[in-house]
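Enquirer: Quick one: the structure is below, questions incoming.
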Amino acid sequence: MPSSKEGLLFRDASRRVALVTGASRGIGRAVAEGLAADGFDLALVYAGNAEASAEAVAACEAAGATARAYRCDVASADEVKATVGAVLDDFGAVWALVNNAGVTRDGLLVRMKDEDFERVVGVNLTGAFNMTRALTRAFMRQRGGRVVNMSSAVGLMGNAGQANYAASKAGLIGLTKSVARELAPRGVTVNAVAPGFVRTDMTAALPEQVVERYEGQIPLGRLADPSEVAAVVRFLVSNAAAYVTGEVVRVDGGMAM
Ligand code: NAP
């Protein structure tokens, strides 16, 4: 872990800071590593997998970043407030927020339990709301910044067995567009990325026949690598994307077009 100096991590102040949720594994880790390579320092938020988060920190450091992991359930407004406070104490500022943490609890509507609906919406949608709200004053003060919300092609198309997940991901699109309008006058852009099927732990449990069926519905004929989603996030937080806001970028091999 990097050493602290006068409350701030001892870091190169010319590097911008990105806070990525769900950064210990999968897409979030690929985003964190990519942003480290692009010159960002990294605050990585994870739910409980300390080993994976330590590996992600080490990978970001290997790419030249100062990086620190924060354990936080994004569904809890109190935990998010404390975590954002700690990140601002440690790093001094945040330029880019990537709301990527997400979970699934699939099941047909007729059998879906209240807690399965509430938890998925709580992590995927309320989590992004909690994080964005907690950082909004800092974004407004610095008159610039980037927010990227990880939606899903399922939020655009719906999917049998994922009413909770699709609702959370469609909700993220409304959140994205509303916050984009609110923060545009302060120079903060807010966009969403909608991946199709990506090879991560989230899809690893799918039986091979189901993967083959999905591949048949994807014009490009294969699942994505996490780095292919990260590439779009890296663009959206870059200076080159300064005039892009309120957009939803599909990264789905053509599935939802
Ligand atoms: P993943 O491999 O299952 O990783 C999930 C990440 O989220 C982990 O870092 C996990 O932390 C973290 N997390 C889970 N619950 C959290 C909570 N309550 N608070 C904070 N962090 C939490 O997932 P993934 O496939 O990379 O997906 C990342 C995002 O992309 C999700 O929003 C997902 O819905 C979206 N997405 C995925 C796909 C796909 O095909 N994989 C497609 C479209 C959209 P721990 O390691 O500590 O558990």
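Every chain in the structure tokens takes a letter, A first, then B, and so on in the order presented; its residues are numbered from 1, and the ligands are numbered from 1 following the presented order.
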Need to verify the contact set: Arg133 of chain A, 12 Å, only C-alpha atoms, exclusion of same-chain residues closer than 2 positions in sequence. Can you return it as a PyMOL selection string?

Expert: chain A and resi 74+77-78+80-81+84+97+99+126-131+135-140+147+175+179+182-183

Enquirer: Can you write out the residues you just picked, keeping C-alpha atoms, as a tab-separated table (two decimals), in the first residue's frame?

Expert:
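So the final result, stored in out_34.tsv, reads:
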```
chain	number	residue	atom	x	y	z
A	74	VAL	CA	-22.51	0.27	-2.73
A	77	ALA	CA	-25.71	4.96	1.43
A	78	ASP	CA	-23.82	5.16	4.76
A	80	VAL	CA	-20.74	4.85	0.30
A	81	LYS	CA	-20.58	8.18	2.13
A	84	VAL	CA	-16.13	8.49	-0.73
A	97	LEU	CA	-16.44	7.68	-11.38
A	99	ASN	CA	-20.32	2.74	-11.46
A	126	THR	CA	-29.26	2.47	-5.96
A	127	GLY	CA	-25.52	1.77	-5.71
A	128	ALA	CA	-24.82	4.01	-8.71
A	129	PHE	CA	-27.17	6.66	-7.30
A	130	ASN	CA	-25.42	6.50	-3.88
A	131	MET	CA	-21.95	6.86	-5.39
A	135	LEU	CA	-19.40	12.71	-5.34
A	136	THR	CA	-21.62	15.35	-6.93
A	137	ARG	CA	-20.56	18.28	-4.70
A	138	ALA	CA	-16.90	17.48	-5.41
A	139	PHE	CA	-17.63	17.29	-9.16
A	140	MET	CA	-19.51	20.61	-9.07
A	147	VAL	CA	-19.36	9.45	-14.73
A	175	LEU	CA	-30.35	7.96	-14.06
A	179	VAL	CA	-27.72	13.38	-14.13
A	182	GLU	CA	-28.04	18.25	-14.22
A	183	LEU	CA	-24.25	18.23	-14.34
```

Enquirer: What do you get as a PyMOL selection string if you pick all residues at most 6 Å from ligand 1, counting only C-alpha atoms and all ligand atoms?

Expert: chain A and resi 21-28+46-49+72-75+100-103+123+150-152+195-203

Enquirer: With segment 234-248 of chain A as the partner and 7 Å as the cut-off, tabulate the residues of segment 25-115 of chain A that qualify, each row holding the nearest pair of atoms and their distance in Å to one decimal, using only C-alpha atoms, sorted by chain and rising number, as a tab-separated table.

Expert:
```
residue	atom	partner	partner_atom	distance
A:Gly34	CA	A:Arg234	CA	6.9
A:Leu35	CA	A:Arg234	CA	6.3
A:Ala96	CA	A:Val237	CA	6.4
```

Enquirer: Run DSSP on the backbone and tell me which residues of segment 114-229 of chain A come out as strand (DSSP E or B); list them as an MDAnalysis selection string.

Expert: chainID A and resid 145:150 162 188:195 198 224

Enquirer: Restricted to N, CA, C and O atoms, what would the selected residues look like written as a compact mmCIF listing (two decimals), in the first residue's frame?

Expert:
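Resulting contents of again-v9.txt:
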```
# COMPACT_ATOMS: atom_id res chain seq x y z
N GLY A 145 -15.49 16.56 -14.80
CA GLY A 145 -15.42 15.18 -14.34
C GLY A 145 -16.18 14.27 -15.30
O GLY A 145 -16.77 14.71 -16.29
N ARG A 146 -16.13 12.99 -14.97
CA ARG A 146 -16.75 11.98 -15.82
C ARG A 146 -17.47 10.95 -14.95
O ARG A 146 -16.91 10.49 -13.94
N VAL A 147 -18.67 10.57 -15.37
CA VAL A 147 -19.36 9.45 -14.73
C VAL A 147 -19.71 8.46 -15.83
O VAL A 147 -20.22 8.86 -16.89
N VAL A 148 -19.40 7.20 -15.61
CA VAL A 148 -19.81 6.14 -16.55
C VAL A 148 -20.56 5.07 -15.77
O VAL A 148 -20.05 4.56 -14.76
N ASN A 149 -21.77 4.78 -16.19
CA ASN A 149 -22.60 3.77 -15.53
C ASN A 149 -22.64 2.50 -16.37
O ASN A 149 -22.90 2.56 -17.58
N MET A 150 -22.40 1.35 -15.72
CA MET A 150 -22.39 0.08 -16.45
C MET A 150 -23.81 -0.47 -16.51
O MET A 150 -24.30 -1.08 -15.57
N GLN A 162 -34.82 -12.36 -15.87
CA GLN A 162 -33.99 -11.27 -15.32
C GLN A 162 -34.79 -9.98 -15.14
O GLN A 162 -34.28 -8.89 -15.40
N VAL A 188 -19.44 18.30 -16.34
CA VAL A 188 -19.32 16.87 -16.00
C VAL A 188 -20.14 16.08 -17.00
O VAL A 188 -21.32 16.37 -17.20
N THR A 189 -19.54 15.09 -17.65
CA THR A 189 -20.30 14.25 -18.58
C THR A 189 -20.71 12.95 -17.87
O THR A 189 -20.00 12.46 -16.99
N VAL A 190 -21.87 12.44 -18.29
CA VAL A 190 -22.43 11.24 -17.66
C VAL A 190 -22.94 10.34 -18.78
O VAL A 190 -23.82 10.74 -19.55
N ASN A 191 -22.38 9.16 -18.90
CA ASN A 191 -22.75 8.25 -19.97
C ASN A 191 -22.94 6.83 -19.43
O ASN A 191 -22.53 6.53 -18.32
N ALA A 192 -23.57 5.99 -20.25
CA ALA A 192 -23.75 4.59 -19.88
C ALA A 192 -23.14 3.70 -20.95
O ALA A 192 -23.10 4.07 -22.13
N VAL A 193 -22.67 2.55 -20.52
CA VAL A 193 -22.17 1.52 -21.43
C VAL A 193 -23.09 0.31 -21.26
O VAL A 193 -23.46 -0.04 -20.14
N ALA A 194 -23.49 -0.27 -22.38
CA ALA A 194 -24.40 -1.42 -22.32
C ALA A 194 -23.74 -2.64 -22.97
O ALA A 194 -23.89 -2.87 -24.18
N PRO A 195 -23.01 -3.42 -22.17
CA PRO A 195 -22.39 -4.63 -22.73
C PRO A 195 -23.44 -5.70 -23.01
O PRO A 195 -24.51 -5.72 -22.39
N VAL A 198 -20.34 -10.94 -21.66
CA VAL A 198 -18.90 -10.75 -21.49
C VAL A 198 -18.36 -11.91 -20.68
O VAL A 198 -19.02 -12.37 -19.72
N ALA A 224 -17.87 -11.14 -25.43
CA ALA A 224 -16.81 -10.12 -25.40
C ALA A 224 -15.77 -10.49 -24.35
O ALA A 224 -16.05 -11.18 -23.37
```

Enquirer: Determine the nearest neighbour of Gly174 of chain A from the options A:Thr132, A:Val20, A:Ala93, A:Leu125, counting only C-alpha atoms.

Expert: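 Of A:Thr132, A:Val20, A:Ala93, A:Leu125, the one nearest Gly174 of chain A, counting only C-alpha atoms, is A:Leu125.
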
Enquirer: Provide the atom CA of Ala163 of chain A to atom CA of Leu109 of chain A distance in Å, to one decimal place.

Expert: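 Result for atom CA of Ala163 of chain A versus atom CA of Leu109 of chain A: 6.7 Å, one decimal.
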
Enquirer: For Val17 of chain A, please output as a PDB file with N, CA and C atoms, in the first residue's frame all residues within 6 Å (counting only C-alpha atoms; exclusion window: fewer than 5 positions along the same chain).

Expert:
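Wrote out.pdb, looks like this:
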```pdb
ATOM      1  N   PHE A  40      -4.211   7.241 -14.975  1.00  0.00           N
ATOM      2  CA  PHE A  40      -5.036   7.529 -13.795  1.00  0.00           C
ATOM      3  C   PHE A  40      -4.463   6.834 -12.564  1.00  0.00           C
ATOM      4  N   ASP A  41      -4.667   7.451 -11.388  1.00  0.00           N
ATOM      5  CA  ASP A  41      -4.535   6.735 -10.124  1.00  0.00           C
ATOM      6  C   ASP A  41      -5.897   6.148  -9.792  1.00  0.00           C
ATOM      7  N   LEU A  42      -5.905   5.086  -8.987  1.00  0.00           N
ATOM      8  CA  LEU A  42      -7.126   4.304  -8.868  1.00  0.00           C
ATOM      9  C   LEU A  42      -7.586   4.073  -7.435  1.00  0.00           C
ATOM     10  N   VAL A  94     -11.476  13.320  -7.180  1.00  0.00           N
ATOM     11  CA  VAL A  94     -11.822  12.224  -8.104  1.00  0.00           C
ATOM     12  C   VAL A  94     -12.249  12.862  -9.411  1.00  0.00           C
ATOM     13  N   TRP A  95     -11.644  12.442 -10.517  1.00  0.00           N
ATOM     14  CA  TRP A  95     -12.031  12.973 -11.820  1.00  0.00           C
ATOM     15  C   TRP A  95     -13.086  12.093 -12.496  1.00  0.00           C
TER      16      TRP A  95
END
```

Enquirer: State, in Å with one decimal place, the distance from atom CA of Asp12 of chain A to atom CA of Glu33 of chain A.

Expert: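 One can read the atom CA of Asp12 of chain A to atom CA of Glu33 of chain A distance as 17.4 Å.
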